[in-house]
Amino acid sequence: MTERPAVVVLGPRDEPPPGIDRATELAELRFAHGDAELREALPGADGLFFWRASRRDLETAWDSADRLRWIQTASDGVDGLLFPALAASDTIVTNGRGIFDDAIAEWVIGSLLAFATRIPESFAAQRQHRWISGETERLAGSTLLVVGPGPIGRAVATRARALGMEAAAVGRTSRPDDLFGQILGIGELVHAVAGADVVVDTLPLTPGTRHLFDAAVFAAMRPTARFVNVGRGATVDEPALIAALGARQLAGAALDVFETEPLPADSPLWDLPGVIISPHMCGDFLGWENVAVDLFLDNLGRFVRGEDLRNRVDKHAGFGVG
C-alpha cells in the first residue's frame with residue numbers, strides 16, 4: 001500500500017487504547033464513539049480498531065463503510081462483533097487470539113484448586129469465625145475434558161497435565177492430536193463428559209455451539225464432576241445448568257461468562273452451593289490492553305506493507321483460524 005491508510009478507532013471516549021498514538025506513524029487515526037460519530041468517520045476509512053465497542057453501532061453505520069478492508073478486534077471471541085452484512089463482505093477480520101490464553105488457563109486452574117482445597121468453604125467459615133474440618137481433594141489422577149481444544153483449551157490442558165491430571169478433548173471433528181492424543185468429535189460429547197472429573201467449556205459462540213451444554217449433557221456428567229465455563233455464556237443452557245446444580249447432578253461450577261451479562265441479581269446461580277461466579281474477567285490480566293494495542297500495531301504495519309495479517313477470523317464459522 002502506497003497511500004497512508006485511514007483507520008477508525010471505535011470505542012469509549014474516556015477509555016482510549018493505551019499507546020494508540022503510536023499508530024499515527026503509519027496511518028491517519030479517526031476516533032468514534034457511538035453510531036453517529038462512526039457514520040461520519042467511516043467514509044474513506046481503510047481499517048477499524050474495534051475497542052470496547054458495540055456491534056450495534058457498527059452494524060447501524062455499516063452502510064457508510066465504502067472502502068473498509070480490515071477490522072481488528074481486541075477480543076478473542078468475535079460473536080460481539082460479527083453481523084450478517086459484515087460476514088458477507090470482503091472485509092478481513094482479525095482478533096485478539098493468543099493474548100488471553102495463559103491468563104484464562106491460570107484462572108481455570110485456580111478455580112480447580114479452590115474447589116479441591118475447599119477454599120470457598122474456608123472463606124465462608126472464616127467470616128463466621130467457625131472452625132471446619134474435613135478432607136481436601138487431589139487434582140492429580142483426575143480427568144479434565146476440554147470442549148473446544150483451541151489455544152485457550154490447550155493452555156488449560158498443558159497446565160492440568162503439569163499437576164498430574166489426565167487431559168482429553170472434544171472438538172468439531174475427531175482427529176489425532178499431538179497434545180491430547182485423540183480429539184473426539186462433537187457427536188461424542190455426551191459419552192466424553194461421562195468419563196470426566198472436570199469439564200471445561202472454552203467454545204466460541206456460533207450457531208452450532210449455542211446451548212450445546214444442555215440437560216442431556218449435564219445429566220451424563222458424574223455427580224462428583226465440576227463444570228467450568230470460560231468460553232461464552234450462551235454455549236450453555238443456563239436453566240439446565242441451574243437445575244443440574246440444584247439437583248446435585250454436579251458437584252459444582254466455576255463460571256466466568258453468562259448468557260446475560262452482568263448476571264442478573266435474581267439469578268439462582270449467585271446462591272447455589274458449589275458455584276464460583278466471576279464477572280467475565282478471567283482473561284483481563286494487568287496490562288492486557290497494552291498487549292492488545294501491540295497486536296493491533298503489528299497488524300497495522302502488516303496491513304500497510306501488504307503482508308499477511310495475524311489472527312484472521314473465519315467470519316462464517318465465527319472464530320479465528322490458523
# chains A, B, ... in the order shown; residues from 1 in each chain; ligands from 1
call {"tool": "residues_around", "arguments": {"residues": "Val78 in chain A", "least_positions_apart": "6", "cutoff": "10 Å", "atoms": "only C-alpha atoms", "output": "list in words"}}
result
Arg55, Val93, Thr94, Asn95, Gly96, Pro204, Leu205, Thr206, Val313, Asp314, Lys315, Gly318, Phe319 and Gly320 of chain A
call {"tool": "closest_atom_pairs", "arguments": {"of": "range 160-257 of chain A", "to": "range 266-290 of chain A", "cutoff": "6 Å", "atoms": "only C-alpha atoms", "output": "tab-separated table"}}
result
residue	atom	partner	partner_atom	distance
A:Gly252	CA	A:Gly274	CA	4.4
A:Ala253	CA	A:Val275	CA	4.8
A:Ala254	CA	A:Ile276	CA	4.5
A:Leu255	CA	A:Ile277	CA	5.3
A:Asp256	CA	A:Ser278	CA	4.5
A:Val257	CA	A:His280	CA	5.2
call {"tool": "write_last_selection", "arguments": {"atoms": "C-alpha atoms", "output": "mmCIF file, in the first residue's frame"}}
result
data_model
loop_
_atom_site.group_PDB
_atom_site.id
_atom_site.type_symbol
_atom_site.label_atom_id
_atom_site.label_comp_id
_atom_site.auth_asym_id
_atom_site.auth_seq_id
_atom_site.Cartn_x
_atom_site.Cartn_y
_atom_site.Cartn_z
ATOM 1 C CA GLY A 252 -20.112 -27.516 41.353
ATOM 2 C CA ALA A 253 -19.330 -24.996 38.657
ATOM 3 C CA ALA A 254 -16.887 -22.141 38.073
ATOM 4 C CA LEU A 255 -18.424 -19.614 35.702
ATOM 5 C CA ASP A 256 -16.797 -16.526 34.205
ATOM 6 C CA VAL A 257 -19.311 -15.985 31.379
#
call {"tool": "atom_distance", "arguments": {"atom1": "CA of Glu40 in chain A", "atom2": "CA of Gly301 in chain A"}}
result
24.8 Å
call {"tool": "atom_distance", "arguments": {"atom1": "CA of Asp76 in chain A", "atom2": "CA of Pro149 in chain A"}}
result
14.4 Å
call {"tool": "closest_residue", "arguments": {"among": "A:Phe218, A:Val291, A:Arg302, A:Ala74", "to": "Val190 in chain A", "atoms": "only C-alpha atoms"}}
result
A:Phe218
call {"tool": "residues_around", "arguments": {"residues": "Glu121 in chain A", "least_positions_apart": "4", "cutoff": "9 Å", "atoms": "only C-alpha atoms", "output": "list in words"}}
result
Phe115, Ala125, Gln126, Ile132 and Gly274 of chain A
call {"tool": "write_last_selection", "arguments": {"atoms": "C-alpha atoms", "output": "PDB file, in the first residue's frame"}}
result
ATOM      1  CA  PHE A 115     -12.604 -26.469  44.759  1.00  0.00           C
ATOM      2  CA  ALA A 125     -16.397 -20.285  57.724  1.00  0.00           C
ATOM      3  CA  GLN A 126     -13.771 -17.632  58.448  1.00  0.00           C
ATOM      4  CA  ILE A 132     -14.459 -26.560  59.968  1.00  0.00           C
ATOM      5  CA  GLY A 274     -20.535 -25.117  44.980  1.00  0.00           C
TER       6      GLY A 274
END
call {"tool": "select_by_dssp", "arguments": {"residues": "range 49-279 of chain A", "states": "strand (DSSP E or B)", "output": "PyMOL selection string"}}
result
chain A and resi 49-50+70-73+92-94+143-147+166-171+175-177+181-185+198-201+213+226-229+236+252-255+275-277
call {"tool": "write_last_selection", "arguments": {"atoms": "C-alpha atoms", "output": "compact mmCIF listing (two decimals), in the first residue's frame"}}
result
# COMPACT_ATOMS: atom_id res chain seq x y z
CA PHE A 49 -9.91 -0.99 15.57
CA PHE A 50 -12.90 -2.42 17.49
CA TRP A 70 -9.85 -4.68 7.65
CA ILE A 71 -11.23 -4.77 11.21
CA GLN A 72 -9.09 -5.67 14.22
CA THR A 73 -10.96 -6.53 17.42
CA ILE A 92 -10.97 -9.03 6.69
CA VAL A 93 -11.47 -9.51 10.43
CA THR A 94 -8.62 -10.27 12.83
CA THR A 143 -9.50 -36.34 34.31
CA LEU A 144 -10.08 -32.99 32.67
CA LEU A 145 -12.11 -32.73 29.47
CA VAL A 146 -11.62 -29.65 27.30
CA VAL A 147 -14.53 -28.90 24.98
CA GLU A 166 -5.24 -36.53 32.54
CA ALA A 167 -6.44 -34.33 29.68
CA ALA A 168 -8.93 -35.23 26.95
CA ALA A 169 -10.73 -33.10 24.38
CA VAL A 170 -13.84 -32.78 22.26
CA GLY A 171 -13.71 -30.69 19.09
CA ARG A 175 -8.77 -36.30 14.77
CA PRO A 176 -5.35 -37.24 16.13
CA ASP A 177 -3.59 -34.55 18.12
CA GLY A 181 -3.57 -37.96 21.52
CA GLN A 182 -7.05 -38.12 20.01
CA ILE A 183 -9.65 -35.36 19.90
CA LEU A 184 -13.20 -36.73 19.95
CA GLY A 185 -15.85 -35.33 17.64
CA VAL A 198 -13.80 -31.68 35.25
CA VAL A 199 -15.41 -30.39 32.05
CA VAL A 200 -14.04 -27.09 30.75
CA ASP A 201 -16.01 -25.15 28.14
CA PHE A 213 -24.35 -27.85 27.05
CA ARG A 226 -17.43 -29.93 38.11
CA PHE A 227 -18.17 -27.70 35.15
CA VAL A 228 -16.07 -24.67 34.20
CA ASN A 229 -17.11 -22.13 31.57
CA VAL A 236 -24.73 -23.26 27.97
CA GLY A 252 -20.11 -27.52 41.35
CA ALA A 253 -19.33 -25.00 38.66
CA ALA A 254 -16.89 -22.14 38.07
CA LEU A 255 -18.42 -19.61 35.70
CA VAL A 275 -20.65 -22.30 42.42
CA ILE A 276 -17.88 -19.77 41.79
CA ILE A 277 -19.05 -16.61 39.99
call {"tool": "residues_around", "arguments": {"residues": "Ala87 in chain A", "least_positions_apart": "4", "cutoff": "7 Å", "atoms": "only C-alpha atoms", "output": "compact mmCIF listing (two decimals) with N, CA and C atoms, in the first residue's frame"}}
result
# COMPACT_ATOMS: atom_id res chain seq x y z
N LEU A 82 -19.44 -9.72 14.93
CA LEU A 82 -19.95 -10.14 13.63
C LEU A 82 -21.46 -9.94 13.49
N PHE A 83 -21.88 -9.55 12.30
CA PHE A 83 -23.28 -9.46 11.92
C PHE A 83 -23.35 -9.83 10.44
N LYS A 315 -15.13 -15.65 9.15
CA LYS A 315 -16.35 -14.90 9.52
C LYS A 315 -17.61 -15.77 9.45
N HIS A 316 -17.59 -16.79 8.65
CA HIS A 316 -18.76 -17.65 8.55
C HIS A 316 -18.78 -18.70 9.65
call {"tool": "residues_around", "arguments": {"residues": "Gly44 in chain A", "least_positions_apart": "3", "cutoff": "10 Å", "atoms": "only C-alpha atoms", "output": "number ranges by chain"}}
result
A: 5-7, 40-41, 47, 64-68
call {"tool": "select_by_dssp", "arguments": {"residues": "range 25-92 of chain A", "states": "helix (DSSP H, G or I)", "output": "MDAnalysis selection string"}}
result
chainID A and resid 25 34:41 55:64 84:88
call {"tool": "atom_distance", "arguments": {"atom1": "CA of Glu3 in chain A", "atom2": "CA of Arg39 in chain A"}}
result
22.5 Å
call {"tool": "closest_residue", "arguments": {"among": "A:Met165, A:Ala53, A:Ala61, A:Val293", "to": "Gly19 in chain A", "atoms": "only C-alpha atoms"}}
result
A:Val293
call {"tool": "closest_residue", "arguments": {"among": "A:Val9, A:Ala140, A:Ala317, A:Leu300", "to": "Leu163 in chain A", "atoms": "only C-alpha atoms"}}
result
A:Ala140
call {"tool": "residues_around", "arguments": {"residues": "Glu37 in chain A", "least_positions_apart": "5", "cutoff": "10 Å", "atoms": "only C-alpha atoms", "output": "JSON list (two decimals) with C-alpha atoms, in the first residue's frame"}}
result
[["chain", "number", "residue", "atom", "x", "y", "z"],
["A", 10, "LEU", "CA", -14.19, 2.73, 17.75],
["A", 30, "ARG", "CA", -10.06, 8.82, 13.40],
["A", 31, "PHE", "CA", -11.82, 8.32, 16.72],
["A", 32, "ALA", "CA", -15.51, 7.49, 17.04],
["A", 42, "LEU", "CA", -16.19, 5.51, 8.19],
["A", 57, "ASP", "CA", -23.04, 0.82, 16.48],
["A", 61, "ALA", "CA", -23.32, 2.66, 10.49]]
call {"tool": "residues_around", "arguments": {"residues": "Ile152 in chain A", "least_positions_apart": "3", "cutoff": "7 Å", "atoms": "only C-alpha atoms", "output": "PyMOL selection string"}}
result
chain A and resi 101+105+155-156+202
